[in-house]
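Containing mmCIF, C-alpha atoms: my_file-v7.cif.
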data_model
#
loop_
_atom_site.label_atom_id
_atom_site.label_comp_id
_atom_site.auth_asym_id
_atom_site.auth_seq_id
_atom_site.Cartn_x
_atom_site.Cartn_y
_atom_site.Cartn_z
CA MET A 13 -20.90 -50.18 6.88
CA ALA A 14 -18.26 -49.48 4.37
CA GLU A 15 -20.49 -50.70 1.57
CA THR A 16 -23.47 -48.57 2.49
CA GLY A 17 -21.06 -45.69 2.75
CA LYS A 18 -20.00 -46.36 -0.78
CA GLN A 19 -23.54 -46.55 -2.10
CA HIS A 20 -24.55 -43.26 -0.57
CA PRO A 21 -21.43 -41.24 -0.23
CA PRO A 22 -22.20 -38.28 1.98
CA PRO A 23 -21.01 -34.98 0.58
CA ALA A 24 -17.57 -34.31 1.91
CA GLY A 25 -17.65 -32.64 5.29
CA ASP A 26 -21.41 -32.71 5.65
CA GLU A 27 -21.00 -33.72 9.28
CA ALA A 28 -18.96 -30.68 10.13
CA ARG A 29 -20.79 -27.46 10.80
CA TYR A 30 -19.34 -24.14 9.76
CA ASP A 31 -20.19 -21.18 11.88
CA LEU A 32 -20.46 -18.04 9.79
CA ALA A 33 -21.49 -15.91 12.75
CA ALA A 34 -18.45 -16.99 14.75
CA LEU A 35 -16.10 -16.19 11.88
CA TYR A 36 -17.82 -12.87 11.39
CA GLU A 37 -17.31 -11.98 15.03
CA ALA A 38 -13.75 -13.29 15.14
CA SER A 39 -12.78 -11.30 12.06
CA ASP A 40 -13.91 -8.06 13.71
CA ILE A 41 -15.10 -6.62 10.43
CA GLU A 42 -18.27 -5.54 12.16
CA ALA A 43 -16.32 -2.61 13.58
CA ALA A 44 -15.13 -1.62 10.10
CA LEU A 45 -18.64 -1.92 8.65
CA ALA A 46 -20.09 0.04 11.56
CA CYS A 47 -17.47 2.71 10.92
CA LEU A 48 -18.55 2.77 7.28
CA ASN A 49 -22.14 3.30 8.33
CA ALA A 50 -21.43 5.93 10.95
CA GLU A 51 -18.73 7.96 9.23
CA MET A 52 -20.03 7.90 5.70
CA ILE A 53 -23.24 9.82 5.09
CA GLY A 54 -25.47 8.65 2.25
CA LEU A 55 -23.65 6.49 -0.30
CA GLU A 56 -26.22 3.71 0.05
CA PRO A 57 -25.18 1.86 -3.14
CA VAL A 58 -21.56 1.92 -1.97
CA LYS A 59 -22.41 0.58 1.46
CA THR A 60 -24.47 -2.20 -0.09
CA ARG A 61 -21.66 -3.17 -2.44
CA VAL A 62 -19.04 -3.13 0.31
CA ARG A 63 -21.26 -5.32 2.47
CA GLU A 64 -21.78 -7.69 -0.46
CA ILE A 65 -18.06 -7.94 -1.08
CA ALA A 66 -17.39 -8.50 2.62
CA ALA A 67 -20.02 -11.27 2.68
CA LEU A 68 -18.53 -12.89 -0.40
CA LEU A 69 -15.04 -12.87 1.09
CA LEU A 70 -16.30 -14.19 4.41
CA VAL A 71 -18.15 -17.08 2.79
CA GLU A 72 -15.19 -17.75 0.54
CA LYS A 73 -13.00 -18.10 3.62
CA LEU A 74 -15.44 -20.57 5.16
CA ARG A 75 -15.62 -22.57 1.93
CA ASN A 76 -11.86 -22.72 1.99
CA ASP A 77 -11.93 -24.09 5.54
CA ALA A 78 -14.45 -26.70 4.39
CA GLY A 79 -12.04 -27.77 1.68
CA LEU A 80 -14.23 -26.59 -1.19
CA GLN A 81 -11.98 -25.63 -4.04
CA ALA A 82 -12.49 -22.44 -5.93
CA ASP A 83 -10.17 -19.92 -7.42
CA PRO A 84 -9.18 -17.33 -4.87
CA PRO A 85 -11.63 -14.46 -5.20
CA ALA A 86 -10.50 -11.60 -7.37
CA LEU A 87 -10.03 -8.57 -5.19
CA HIS A 88 -9.02 -5.76 -7.54
CA MET A 89 -11.67 -3.05 -7.67
CA SER A 90 -12.59 0.13 -9.41
CA PHE A 91 -14.20 3.08 -7.65
CA THR A 92 -15.91 5.56 -9.92
CA GLY A 93 -17.45 8.85 -8.95
CA ASN A 94 -17.00 12.59 -8.89
CA PRO A 95 -14.36 14.23 -6.71
CA GLY A 96 -15.11 14.42 -3.01
CA THR A 97 -17.54 11.51 -2.95
CA GLY A 98 -15.45 9.50 -0.49
CA LYS A 99 -13.49 7.14 -2.74
CA THR A 100 -10.24 7.36 -0.79
CA THR A 101 -11.97 7.10 2.57
CA VAL A 102 -13.89 4.00 1.51
CA ALA A 103 -10.68 2.55 0.06
CA ARG A 104 -9.05 2.95 3.45
CA LEU A 105 -11.96 1.14 5.10
CA MET A 106 -11.78 -1.52 2.41
CA ALA A 107 -8.10 -2.10 3.20
CA ASP A 108 -9.08 -2.54 6.83
CA ILE A 109 -11.83 -5.02 5.96
CA LEU A 110 -9.51 -7.01 3.68
CA LYS A 111 -6.94 -7.18 6.43
CA LYS A 112 -9.44 -8.34 9.01
CA LEU A 113 -10.56 -11.09 6.67
CA GLY A 114 -6.96 -12.08 6.07
CA TYR A 115 -6.88 -11.29 2.35
CA VAL A 116 -4.05 -8.80 2.76
CA ARG A 117 -1.41 -9.08 5.45
CA LYS A 118 -0.73 -5.50 6.50
CA GLY A 119 -3.80 -3.54 5.44
CA HIS A 120 -2.11 -0.23 4.66
CA LEU A 121 -3.24 1.99 1.81
CA VAL A 122 -0.77 3.48 -0.64
CA ALA A 123 -2.51 6.26 -2.58
CA VAL A 124 -0.79 7.27 -5.81
CA THR A 125 -1.53 9.16 -9.02
CA ARG A 126 0.00 9.04 -12.48
CA ASP A 127 3.01 11.06 -11.37
CA ASP A 128 4.07 8.40 -8.88
CA LEU A 129 3.98 5.62 -11.46
CA VAL A 130 5.05 7.09 -14.78
CA GLY A 131 8.62 8.18 -15.38
CA GLU A 132 9.97 11.16 -17.27
CA PHE A 133 12.25 9.39 -19.70
CA ILE A 134 12.81 5.99 -21.28
CA GLY A 135 13.67 3.37 -18.68
CA HIS A 136 12.44 5.48 -15.78
CA THR A 137 8.91 4.14 -15.62
CA ALA A 138 9.58 0.50 -14.81
CA PRO A 139 11.68 1.06 -11.68
CA LYS A 140 9.33 3.82 -10.55
CA THR A 141 6.24 1.67 -10.87
CA ARG A 142 8.00 -1.29 -9.31
CA GLU A 143 9.02 0.89 -6.37
CA VAL A 144 5.40 1.88 -5.72
CA ILE A 145 4.20 -1.71 -6.09
CA LYS A 146 6.79 -2.87 -3.57
CA LYS A 147 5.58 -0.31 -1.07
CA ALA A 148 1.97 -1.37 -1.54
CA MET A 149 2.61 -5.08 -1.15
CA GLY A 150 0.74 -6.60 1.74
CA GLY A 151 -1.76 -3.78 1.45
CA VAL A 152 -3.89 -1.89 -1.02
CA LEU A 153 -2.61 0.21 -3.91
CA PHE A 154 -5.07 3.03 -4.60
CA ILE A 155 -4.55 4.69 -7.99
CA ASP A 156 -6.43 7.95 -8.07
CA GLU A 157 -7.49 9.27 -11.48
CA ALA A 158 -6.23 6.05 -12.97
CA TYR A 159 -7.47 6.95 -16.46
CA TYR A 160 -4.57 9.42 -16.79
CA LEU A 161 -2.29 6.38 -17.04
CA TYR A 162 -3.51 5.72 -20.54
CA ARG A 163 -3.19 8.48 -23.10
CA PRO A 164 -4.24 7.18 -26.48
CA GLU A 165 -3.39 10.47 -28.19
CA ASN A 166 0.32 9.89 -27.57
CA GLU A 167 1.47 6.45 -28.57
CA ARG A 168 4.89 6.94 -27.01
CA ASP A 169 3.40 7.80 -23.66
CA TYR A 170 5.08 5.89 -20.82
CA GLY A 171 1.74 5.29 -19.12
CA LYS A 172 1.28 2.12 -21.13
CA GLU A 173 4.45 0.71 -19.68
CA ALA A 174 3.22 1.43 -16.16
CA ILE A 175 -0.05 -0.37 -16.93
CA GLU A 176 1.85 -3.39 -18.23
CA ILE A 177 4.00 -3.63 -15.12
CA LEU A 178 0.94 -3.18 -12.96
CA LEU A 179 -0.83 -5.98 -14.80
CA GLN A 180 2.17 -8.21 -14.33
CA ALA A 181 2.22 -7.53 -10.59
CA MET A 182 -1.54 -8.07 -10.31
CA GLU A 183 -1.05 -11.45 -11.98
CA ASN A 184 2.17 -12.65 -10.31
CA ASN A 185 1.66 -11.26 -6.83
CA ARG A 186 -2.02 -12.03 -6.41
CA ASP A 187 -1.63 -12.85 -2.72
CA ASP A 188 0.39 -9.76 -1.98
CA LEU A 189 -1.38 -6.92 -3.68
CA VAL A 190 -4.87 -5.50 -4.14
CA VAL A 191 -5.25 -2.64 -6.60
CA ILE A 192 -8.11 -0.13 -6.55
CA PHE A 193 -8.52 2.11 -9.61
CA ALA A 194 -10.40 5.33 -8.98
CA GLY A 195 -11.63 8.13 -11.17
CA TYR A 196 -14.54 9.83 -12.90
CA GLU A 197 -17.03 7.44 -14.30
CA GLU A 198 -16.90 8.33 -18.01
CA GLN A 199 -13.12 8.48 -18.24
CA MET A 200 -12.77 5.24 -16.30
CA GLU A 201 -15.19 3.58 -18.67
CA ARG A 202 -13.01 4.66 -21.60
CA PHE A 203 -9.87 3.63 -19.71
CA PHE A 204 -11.15 0.11 -19.12
CA SER A 205 -12.51 -0.37 -22.61
CA SER A 206 -9.11 0.51 -24.10
CA ASN A 207 -7.34 -1.81 -21.65
CA PRO A 208 -9.26 -5.09 -21.79
CA GLY A 209 -6.51 -6.84 -19.85
CA LEU A 210 -7.18 -4.59 -16.91
CA ARG A 211 -10.93 -4.81 -17.14
CA SER A 212 -10.91 -8.59 -16.95
CA ARG A 213 -8.86 -8.48 -13.77
CA VAL A 214 -10.98 -5.91 -11.97
CA ALA A 215 -13.78 -7.84 -10.33
CA HIS A 216 -15.69 -5.24 -8.37
CA HIS A 217 -16.97 -1.95 -9.69
CA ILE A 218 -18.38 0.46 -7.16
CA GLU A 219 -20.09 3.68 -8.20
CA PHE A 220 -20.05 6.65 -5.88
CA PRO A 221 -23.12 8.87 -6.37
CA ASP A 222 -23.06 12.62 -5.74
CA TYR A 223 -24.42 13.82 -2.44
CA ASP A 224 -27.67 15.77 -2.26
CA ASP A 225 -28.06 18.98 -0.22
CA GLN A 226 -29.36 17.19 2.84
CA GLU A 227 -26.48 14.71 2.86
CA LEU A 228 -23.93 17.47 2.42
CA TYR A 229 -25.46 19.28 5.38
CA ARG A 230 -25.14 16.18 7.52
CA ILE A 231 -21.53 15.77 6.37
CA ALA A 232 -20.85 19.37 7.40
CA GLU A 233 -22.40 18.67 10.79
CA LEU A 234 -20.24 15.58 11.22
CA MET A 235 -17.08 17.48 10.27
CA LEU A 236 -17.90 20.31 12.66
CA GLY A 237 -18.59 17.75 15.37
CA HIS A 238 -15.13 16.24 14.85
CA MET A 239 -13.55 19.68 15.04
CA GLN A 240 -15.63 20.53 18.14
CA TYR A 241 -17.56 23.42 16.67
CA ARG A 242 -21.28 24.06 16.74
CA LEU A 243 -23.58 26.19 14.61
CA SER A 244 -25.87 28.87 15.93
CA GLY A 245 -29.51 28.82 14.82
CA GLU A 246 -29.04 31.34 12.02
CA ALA A 247 -25.78 29.72 10.99
CA GLU A 248 -27.61 26.45 10.37
CA GLU A 249 -29.88 28.25 7.93
CA ALA A 250 -26.93 30.03 6.34
CA LEU A 251 -25.08 26.73 5.92
CA ARG A 252 -28.06 25.14 4.16
CA ASP A 253 -28.26 28.14 1.89
CA TYR A 254 -24.50 28.04 1.32
CA ILE A 255 -24.55 24.37 0.31
CA HIS A 256 -27.43 24.97 -2.06
CA ARG A 257 -25.61 27.85 -3.75
CA ARG A 258 -22.17 26.23 -3.74
CA ARG A 259 -23.25 23.15 -5.65
CA GLN A 260 -24.53 25.27 -8.54
CA GLN A 261 -21.07 26.75 -9.00
CA PRO A 262 -18.24 25.37 -11.11
CA GLY A 263 -15.54 23.31 -9.41
CA PHE A 264 -17.89 21.85 -6.88
CA ALA A 265 -16.23 18.79 -5.31
CA ASN A 266 -18.88 17.42 -2.98
CA ALA A 267 -17.59 16.77 0.54
CA ARG A 268 -14.18 18.25 -0.27
CA SER A 269 -15.76 21.63 -1.07
CA ILE A 270 -17.64 21.45 2.21
CA ARG A 271 -14.46 20.73 4.13
CA ASN A 272 -12.70 23.68 2.50
CA ALA A 273 -15.67 25.93 3.16
CA LEU A 274 -15.67 24.98 6.81
CA ASP A 275 -11.95 25.63 7.06
CA ARG A 276 -12.42 29.13 5.67
CA CYS A 277 -15.35 29.58 7.98
CA ARG A 278 -13.20 28.72 10.99
CA MET A 279 -10.76 31.36 9.88
CA ARG A 280 -13.48 34.00 9.69
CA GLN A 281 -14.76 32.99 13.10
CA ALA A 282 -11.26 33.35 14.52
CA LYS A 283 -10.92 36.76 12.92
CA ARG A 284 -14.28 37.87 14.32
CA LEU A 285 -13.29 36.75 17.82
CA PHE A 286 -9.89 38.39 17.50
CA GLU A 287 -11.49 41.71 16.71
CA GLN A 288 -13.43 41.49 19.97
CA ARG A 289 -10.35 40.71 22.01
CA GLN A 290 -10.98 43.51 24.54
CA ARG A 291 -13.56 41.37 26.35
CA SER A 292 -13.09 37.83 27.62
CA LEU A 293 -14.70 35.02 25.64
CA SER A 294 -16.71 32.07 26.89
CA ALA A 295 -16.09 28.51 25.78
CA THR A 296 -19.42 28.54 23.95
CA GLU A 297 -18.36 31.56 21.95
CA LEU A 298 -15.10 29.86 21.03
CA ALA A 299 -17.01 26.84 19.76
CA THR A 300 -19.87 28.62 17.99
CA ILE A 301 -19.97 29.55 14.34
CA GLU A 302 -22.33 32.45 13.63
CA ALA A 303 -24.25 33.12 10.45
CA GLU A 304 -21.99 36.04 9.56
CA ASP A 305 -18.97 33.71 9.39
CA LEU A 306 -20.71 31.85 6.60
CA LEU A 307 -22.44 34.76 4.91
CA ALA A 308 -19.12 36.50 4.29
CA SER A 309 -18.34 33.78 1.78
CA ARG A 310 -17.75 34.61 -1.86
CA VAL A 311 -20.57 32.24 -2.74
CA PHE A 312 -23.12 34.74 -1.50
CA ASP A 313 -21.54 37.50 -3.57
CA GLU A 314 -22.87 35.91 -6.72
CA THR A 315 -26.22 37.49 -6.03
CA GLY A 316 -24.60 40.76 -7.03
CA GLU A 317 -25.27 42.68 -3.80
CA ASN A 318 -21.61 43.27 -3.00
CA ARG A 319 -20.40 43.72 -6.50
CA MET B 28 35.21 -23.94 2.48
CA ARG B 29 31.92 -22.49 3.58
CA ILE B 30 32.43 -18.89 4.60
CA THR B 31 30.71 -17.81 7.79
CA GLN B 32 29.92 -14.11 7.78
CA GLY B 33 26.90 -12.50 9.38
CA THR B 34 23.99 -13.96 11.29
CA PHE B 35 22.80 -17.56 10.73
CA SER B 36 25.96 -18.44 8.81
CA TYR B 37 26.58 -21.56 10.91
CA LEU B 38 23.07 -22.81 10.14
CA PRO B 39 22.02 -24.62 6.98
CA ASP B 40 21.08 -22.26 4.15
CA LEU B 41 17.80 -20.44 4.75
CA SER B 42 14.83 -21.40 2.64
CA ARG B 43 12.85 -18.75 0.76
CA GLU B 44 10.14 -18.78 3.47
CA GLN B 45 12.76 -18.41 6.19
CA ILE B 46 14.35 -15.46 4.40
CA ALA B 47 10.92 -13.83 4.06
CA ALA B 48 10.22 -14.44 7.75
CA GLN B 49 13.52 -12.81 8.78
CA ILE B 50 12.82 -9.84 6.52
CA ASN B 51 9.37 -9.55 8.02
CA TYR B 52 10.94 -9.38 11.46
CA CYS B 53 13.27 -6.59 10.27
CA LEU B 54 10.35 -4.60 8.82
CA GLU B 55 8.38 -5.01 12.04
CA GLN B 56 11.32 -3.47 13.89
CA GLY B 57 11.18 -0.53 11.48
CA TRP B 58 14.56 -1.32 9.90
CA ALA B 59 15.31 -0.54 6.26
CA VAL B 60 16.33 -3.64 4.34
CA SER B 61 18.94 -3.60 1.60
CA ILE B 62 20.59 -6.22 -0.58
CA GLU B 63 24.29 -6.49 -1.40
CA TYR B 64 26.37 -8.89 -3.47
CA THR B 65 30.00 -9.68 -4.11
CA ASP B 66 32.29 -12.31 -5.59
CA ASP B 67 35.19 -11.45 -3.32
CA PRO B 68 34.84 -13.61 -0.21
CA HIS B 69 37.84 -12.15 1.64
CA PRO B 70 36.84 -11.42 5.25
CA ARG B 71 38.27 -7.90 5.03
CA ASN B 72 36.03 -7.11 2.05
CA THR B 73 33.50 -5.02 3.98
CA TYR B 74 32.15 -3.06 1.05
CA TRP B 75 29.93 -5.24 -1.09
CA GLU B 76 28.12 -3.94 -4.16
CA MET B 77 24.65 -2.56 -3.48
CA PHE B 78 21.83 -4.24 -5.34
CA GLY B 79 19.55 -1.24 -5.73
CA MET B 80 18.91 1.32 -3.02
CA PRO B 81 18.12 0.46 0.60
CA MET B 82 14.38 -0.07 0.74
CA PHE B 83 12.69 2.39 3.02
CA ASP B 84 8.89 2.66 3.43
CA ILE B 85 8.20 -0.98 2.66
CA GLN B 86 5.54 -2.57 4.85
CA ASP B 87 5.57 -6.19 3.84
CA ALA B 88 8.29 -8.76 3.16
CA ALA B 89 6.72 -9.55 -0.23
CA GLY B 90 7.99 -6.17 -1.45
CA VAL B 91 11.57 -7.01 -0.50
CA MET B 92 11.27 -10.55 -1.85
CA VAL B 93 10.69 -9.08 -5.31
CA GLU B 94 14.19 -7.62 -5.14
CA VAL B 95 15.62 -10.76 -3.50
CA ASP B 96 14.32 -12.85 -6.39
CA ARG B 97 15.75 -10.41 -8.92
CA ALA B 98 19.14 -10.50 -7.18
CA LEU B 99 19.12 -14.31 -7.07
CA SER B 100 18.32 -14.64 -10.74
CA GLU B 101 20.87 -12.01 -11.73
CA PHE B 102 23.73 -13.26 -9.52
CA PRO B 103 23.16 -16.95 -8.88
CA GLU B 104 26.91 -17.61 -8.42
CA TYR B 105 27.66 -14.65 -6.15
CA TYR B 106 27.48 -14.11 -2.44
CA ILE B 107 24.29 -12.16 -1.69
CA LYS B 108 23.38 -10.80 1.70
CA VAL B 109 20.46 -8.98 3.22
CA ASN B 110 21.18 -6.09 5.58
CA ALA B 111 18.72 -4.40 7.92
CA PHE B 112 19.58 -0.83 8.87
CA ASP B 113 18.22 0.75 12.03
CA SER B 114 17.99 4.53 11.66
CA THR B 115 16.98 5.13 15.28
CA HIS B 116 19.05 7.86 16.88
CA GLY B 117 21.85 6.24 18.85
CA TRP B 118 21.89 3.10 16.71
CA GLU B 119 22.21 4.30 13.12
CA THR B 120 23.80 1.06 12.08
CA VAL B 121 23.15 -2.32 10.52
CA ARG B 122 21.33 -4.45 13.08
CA LEU B 123 21.05 -7.69 11.17
CA SER B 124 22.95 -9.03 8.20
CA PHE B 125 22.77 -12.52 6.75
CA ILE B 126 23.93 -14.33 3.64
CA ILE B 127 21.09 -15.62 1.46
CA ASN B 128 23.08 -16.99 -1.47
CA ARG B 129 26.58 -18.36 -2.02
CA PRO B 130 28.39 -19.83 -5.03
CA GLY B 131 27.95 -23.52 -5.66
CA GLU B 132 31.61 -24.15 -4.97
CA GLU B 133 33.65 -22.22 -2.46
CA PRO B 134 37.35 -22.97 -2.93
CA GLY B 135 38.34 -21.31 0.36
CA PHE B 136 41.54 -19.65 1.57
CA ARG B 137 45.26 -20.20 1.82
CA LEU B 138 47.41 -18.81 4.62
CA ASP B 139 50.58 -17.11 3.36
CA ARG B 140 53.50 -16.69 5.74
CA LEU B 141 56.05 -13.99 4.94
CA GLU B 142 59.36 -14.32 6.79
CA ALA B 143 60.36 -10.81 7.71
CA GLU B 144 63.30 -9.37 9.71
CA GLY B 145 64.63 -11.57 12.47
CA ARG B 146 62.19 -14.28 13.34
CA THR B 147 59.10 -12.14 12.54
CA ILE B 148 56.40 -13.81 10.48
CA ARG B 149 53.67 -11.82 8.69
CA TYR B 150 50.48 -13.61 7.75
CA SER B 151 48.09 -12.92 4.94
CA THR B 152 44.88 -14.61 3.83
CA HIS B 153 44.76 -15.50 0.19
CA THR B 154 41.44 -16.35 -1.46
CA TYR B 155 41.66 -18.94 -4.20
CA ALA B 156 38.61 -17.47 -5.90
CA GLY B 157 40.32 -14.06 -5.94
CA GLN B 158 42.96 -15.32 -8.35
CA ASN B 159 40.52 -14.78 -11.18
CA PRO B 160 39.44 -11.29 -12.19
CA ALA B 161 36.24 -9.93 -10.68
CA GLY B 162 33.20 -11.25 -12.48
CA ALA B 163 34.92 -14.49 -13.55
CA ARG B 164 35.49 -15.99 -10.10
CA TYR B 165 32.67 -18.43 -9.66
CA GLY B 166 31.38 -18.82 -13.19
CA ARG B 167 30.37 -22.41 -13.88
CA GLY B 168 32.80 -24.32 -16.07
CA GLU B 169 35.49 -21.63 -15.84
CA THR B 170 38.77 -22.65 -14.20
CA ALA B 171 41.68 -20.75 -12.79
#

Show the structure stored in the file as structure tokens.
Amino acid sequence: MAETGKQHPPPAGDEARYDLAALYEASDIEAALACLNAEMIGLEPVKTRVREIAALLLVEKLRNDAGLQADPPALHMSFTGNPGTGKTTVARLMADILKKLGYVRKGHLVAVTRDDLVGEFIGHTAPKTREVIKKAMGGVLFIDEAYYLYRPENERDYGKEAIEILLQAMENNRDDLVVIFAGYEEQMERFFSSNPGLRSRVAHHIEFPDYDDQELYRIAELMLGHMQYRLSGEAEEALRDYIHRRRQQPGFANARSIRNALDRCRMRQAKRLFEQRQRSLSATELATIEAEDLLASRVFDETGENR
Amino acid sequence: MRITQGTFSYLPDLSREQIAAQINYCLEQGWAVSIEYTDDPHPRNTYWEMFGMPMFDIQDAAGVMVEVDRALSEFPEYYIKVNAFDSTHGWETVRLSFIINRPGEEPGFRLDRLEAEGRTIRYSTHTYAGQNPAGARYGRGETA
């Protein structure tokens, strides 16, 4: 028996079966992925990438259980895309997924920008960066507009120091910290090419595409649903028109612009209702946004009618 | 003489994992953890030096362990303790405090008796380590 075993050694652990489905269910990441699908409109490439990363981490976990040796998967990521394309929201979901898979212990997200990392005078940067890193340990550190950290035009800029400390932490505290760099695509590209040390440690790059009109409309609907508002028939038309016009204008920030527009719209609706305060209002009226609430927007002024 | 101040001081020294586990417990309770050090072991020495600020807003013990490791490498021959402060209204006090590092050699204390008026005796605790100036009390190779 022993001899035949020696002649044909079975691959280690071939007898044991590893149940991916069971691990998937036990890890409860289905809820997080479902949330990603339901709450995030569009963003198909992002969803695909997140699902790929989740699958990789899940399989990696199973391989680990089977005793197959591999370097722990690199988890640091970069999210590139224009403002308002959902980078922070996806980062939050990512933190949740990583926690459910056991790659981070606490699963909180610490969102910072250059100001939180870089100090104002010599010797101020290191403690400041270290402070932020300490807070993010056990969770995810999300650095928004990360390319601001590196300013090649000023060689005495303290941003470099922050990057060095960050690199050190990413190397020494691999089990404790996941860093996500976020920013516009072009600048991030330049940022990574001037910091090869960073680039080699960032394993996953996810691009966030801009939303098209239809997706923005669905986002608006979702936001209004959360705030318990509804649109009247004409208001639906007006909103479509608004979105189409707004995206042509400078400073358009995708879903963020839509959120701001809806907030202003709520204010106009409140004002309109307040002006009719002599009569009593129905619940439907309180929840309905009329076309005029949207049409009063500055965006429609561009046509020159009210100028 | 092994000094026994704070929680766990009658137990063998805590390992790094045990320290991290205790800190994790503190953070789960919502307490702010801070580190202090001293080379004056006198029991009435309540005010130890702070090693950095108390750490608020930290979620995971790994964050505190960064500072613990720095303190250990900077003051290997000092007493170092970890305090956990509870800011809840009505408590507002340190809830847990334990020593995580002590000098390799602890020379201990002497009891001085002062014969005062009549048959009165006044007692005082004298630390042998305290004979040397601060900073030179537990240094390796240095003698009194």

Just say which residues the PyMOL selection byres ((chain A and resi 120) around 7) picks in this file, as a list in words.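 Those residues are Ala107, Lys118, Gly119, Leu121, Val122, Gly151 and Val152 of chain A.
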
If the PyMOL selection byres ((chain A) within 9 of (chain B)) were run on this exact file, what residues would it hold? Put them as a ChimeraX atom specification. /A:117-118,120,143,145-151,185,188

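Between CA of Ala103 in chain A and CA of Leu32 in chain A the interatomic distance comes to 24.8 Å.
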
Cut-off 7 Å around (49.1, -17.3, 4.7) with all atoms listed in the file: residues as a compact mmCIF listing (two decimals) with C-alpha atoms, keeping the file's coordinate frame:
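Okay, point.txt is ready:
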# COMPACT_ATOMS: atom_id res chain seq x y z
CA ARG B 137 45.26 -20.20 1.82
CA LEU B 138 47.41 -18.81 4.62
CA ASP B 139 50.58 -17.11 3.36
CA ARG B 140 53.50 -16.69 5.74
CA TYR B 150 50.48 -13.61 7.75
CA SER B 151 48.09 -12.92 4.94
CA THR B 152 44.88 -14.61 3.83
CA HIS B 153 44.76 -15.50 0.19

Hits from the PyMOL selection byres ((chain A and resi 227) around 10), listed as a list in words: Met52, Ile53, Gly54, Leu55, Asp222, Tyr223, Asp224, Asp225, Gln226, Leu228, Tyr229, Arg230, Ile231, Ala232, Glu233, Asn266 and Ala267 of chain A

As an exercise, work out the distance from CA of Glu56 in chain A to CA of Gly93 in chain A in Å and give it to one decimal place.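 These two atoms are separated by 13.6 Å.
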
Need to verify the contact set: Gln49 in chain B, 12 Å, all atoms listed in the file, exclusion of same-chain residues closer than 3 positions in sequence. Can you return it as a list in words? Thr34, Phe35, Leu41, Ser42, Arg43, Glu44, Gln45, Ile46, Tyr52, Cys53, Leu54, Glu55, Gln56, Trp58, Val60, Asp87, Ala88, Ala89, Val91, Met92, Val109, Asn110, Ala111, Leu123, Ser124, Phe125, Ile126 and Ile127 of chain B

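Put simply, CA of Ile255 in chain A is 15.7 Å away from CA of Glu302 in chain A.
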
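Near Tyr155 in chain B, within 10 Å and counting all atoms listed in the file, sit Asp67, Pro68, His69, Glu133, Pro134, Gly135, Phe136, Arg137, Thr152, Gln158, Asn159, Arg164 and Ala171 of chain B, not including residues fewer than 3 positions from it in the same chain.
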
Kindly extract all protein, DNA and RNA residues lying within 10 Å of the coordinates (28.4, -12.4, -10.0) given in the file, considering all atoms listed in the file, and supply them as a ChimeraX atom specification. /B:64-67,98-99,101-107,130,161-166

So that I can check the surroundings of Gly171 in chain A, please list as JSON, numbers by chain every protein, DNA and RNA residue that reaches within 9 Å of it, counting all atoms listed in the file and ignoring chain neighbours fewer than 6 positions away. {"A": [126, 129, 130, 131, 137, 160, 161, 162, 163]}

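Proximity to Glu249 in chain A was assessed for A:Ala215, A:Arg202, A:Ile301, A:Glu287 counting all atoms listed in the file; the smallest distance is recorded for A:Ile301.
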
Hey, what's within 12 Å of Glu183 in chain A if we count only C-alpha atoms and toss same-chain stuff fewer than 5 positions away? As a count of residues only, please? 15

Which is closer to Ile218 in chain A than all the others in A:Val58, A:Cys47, A:Leu68, A:Val144, using only C-alpha atoms? A:Val58

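Proximity of A:Leu45, A:Met182, A:Val124, A:Leu113 to Ile155 in chain A, computed with only C-alpha atoms, is greatest for A:Val124.
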
So, counting all atoms listed in the file, which residue among A:Lys59, A:Arg142, A:Arg186, A:Arg29 is closest to Arg97 in chain B?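 Of A:Lys59, A:Arg142, A:Arg186, A:Arg29, the one nearest Arg97 in chain B is A:Arg142, counting all atoms listed in the file.
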
Please list as a VMD selection string every residue within 9 Å of range 272-285 of chain A, counting only C-alpha atoms and excluding residues in the same chain fewer than 6 positions away. chain A and resid 232 235 to 236 241 293 297 to 298 300 to 302 304 to 306 308 to 309

Reconstruct range 61-66 of chain B at the level of N, CA and C atoms, and format the result as an mmCIF file, in the frame of the given file.
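The result, written out as result-v8.cif:
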data_model
loop_
_atom_site.group_PDB
_atom_site.id
_atom_site.type_symbol
_atom_site.label_atom_id
_atom_site.label_comp_id
_atom_site.auth_asym_id
_atom_site.auth_seq_id
_atom_site.Cartn_x
_atom_site.Cartn_y
_atom_site.Cartn_z
ATOM 1 N N SER B 61 18.231 -3.793 2.862
ATOM 2 C CA SER B 61 18.940 -3.600 1.600
ATOM 3 C C SER B 61 19.612 -4.915 1.210
ATOM 4 N N ILE B 62 19.969 -4.995 -0.065
ATOM 5 C CA ILE B 62 20.590 -6.220 -0.580
ATOM 6 C C ILE B 62 21.966 -5.867 -1.137
ATOM 7 N N GLU B 63 22.950 -6.703 -0.872
ATOM 8 C CA GLU B 63 24.290 -6.490 -1.400
ATOM 9 C C GLU B 63 24.846 -7.795 -1.937
ATOM 10 N N TYR B 64 25.796 -7.668 -2.893
ATOM 11 C CA TYR B 64 26.370 -8.890 -3.470
ATOM 12 C C TYR B 64 27.847 -8.670 -3.709
ATOM 13 N N THR B 65 28.580 -9.763 -3.794
ATOM 14 C CA THR B 65 30.000 -9.680 -4.110
ATOM 15 C C THR B 65 30.492 -11.029 -4.612
ATOM 16 N N ASP B 66 31.659 -11.022 -5.282
ATOM 17 C CA ASP B 66 32.290 -12.310 -5.590
ATOM 18 C C ASP B 66 33.683 -12.345 -4.980
#
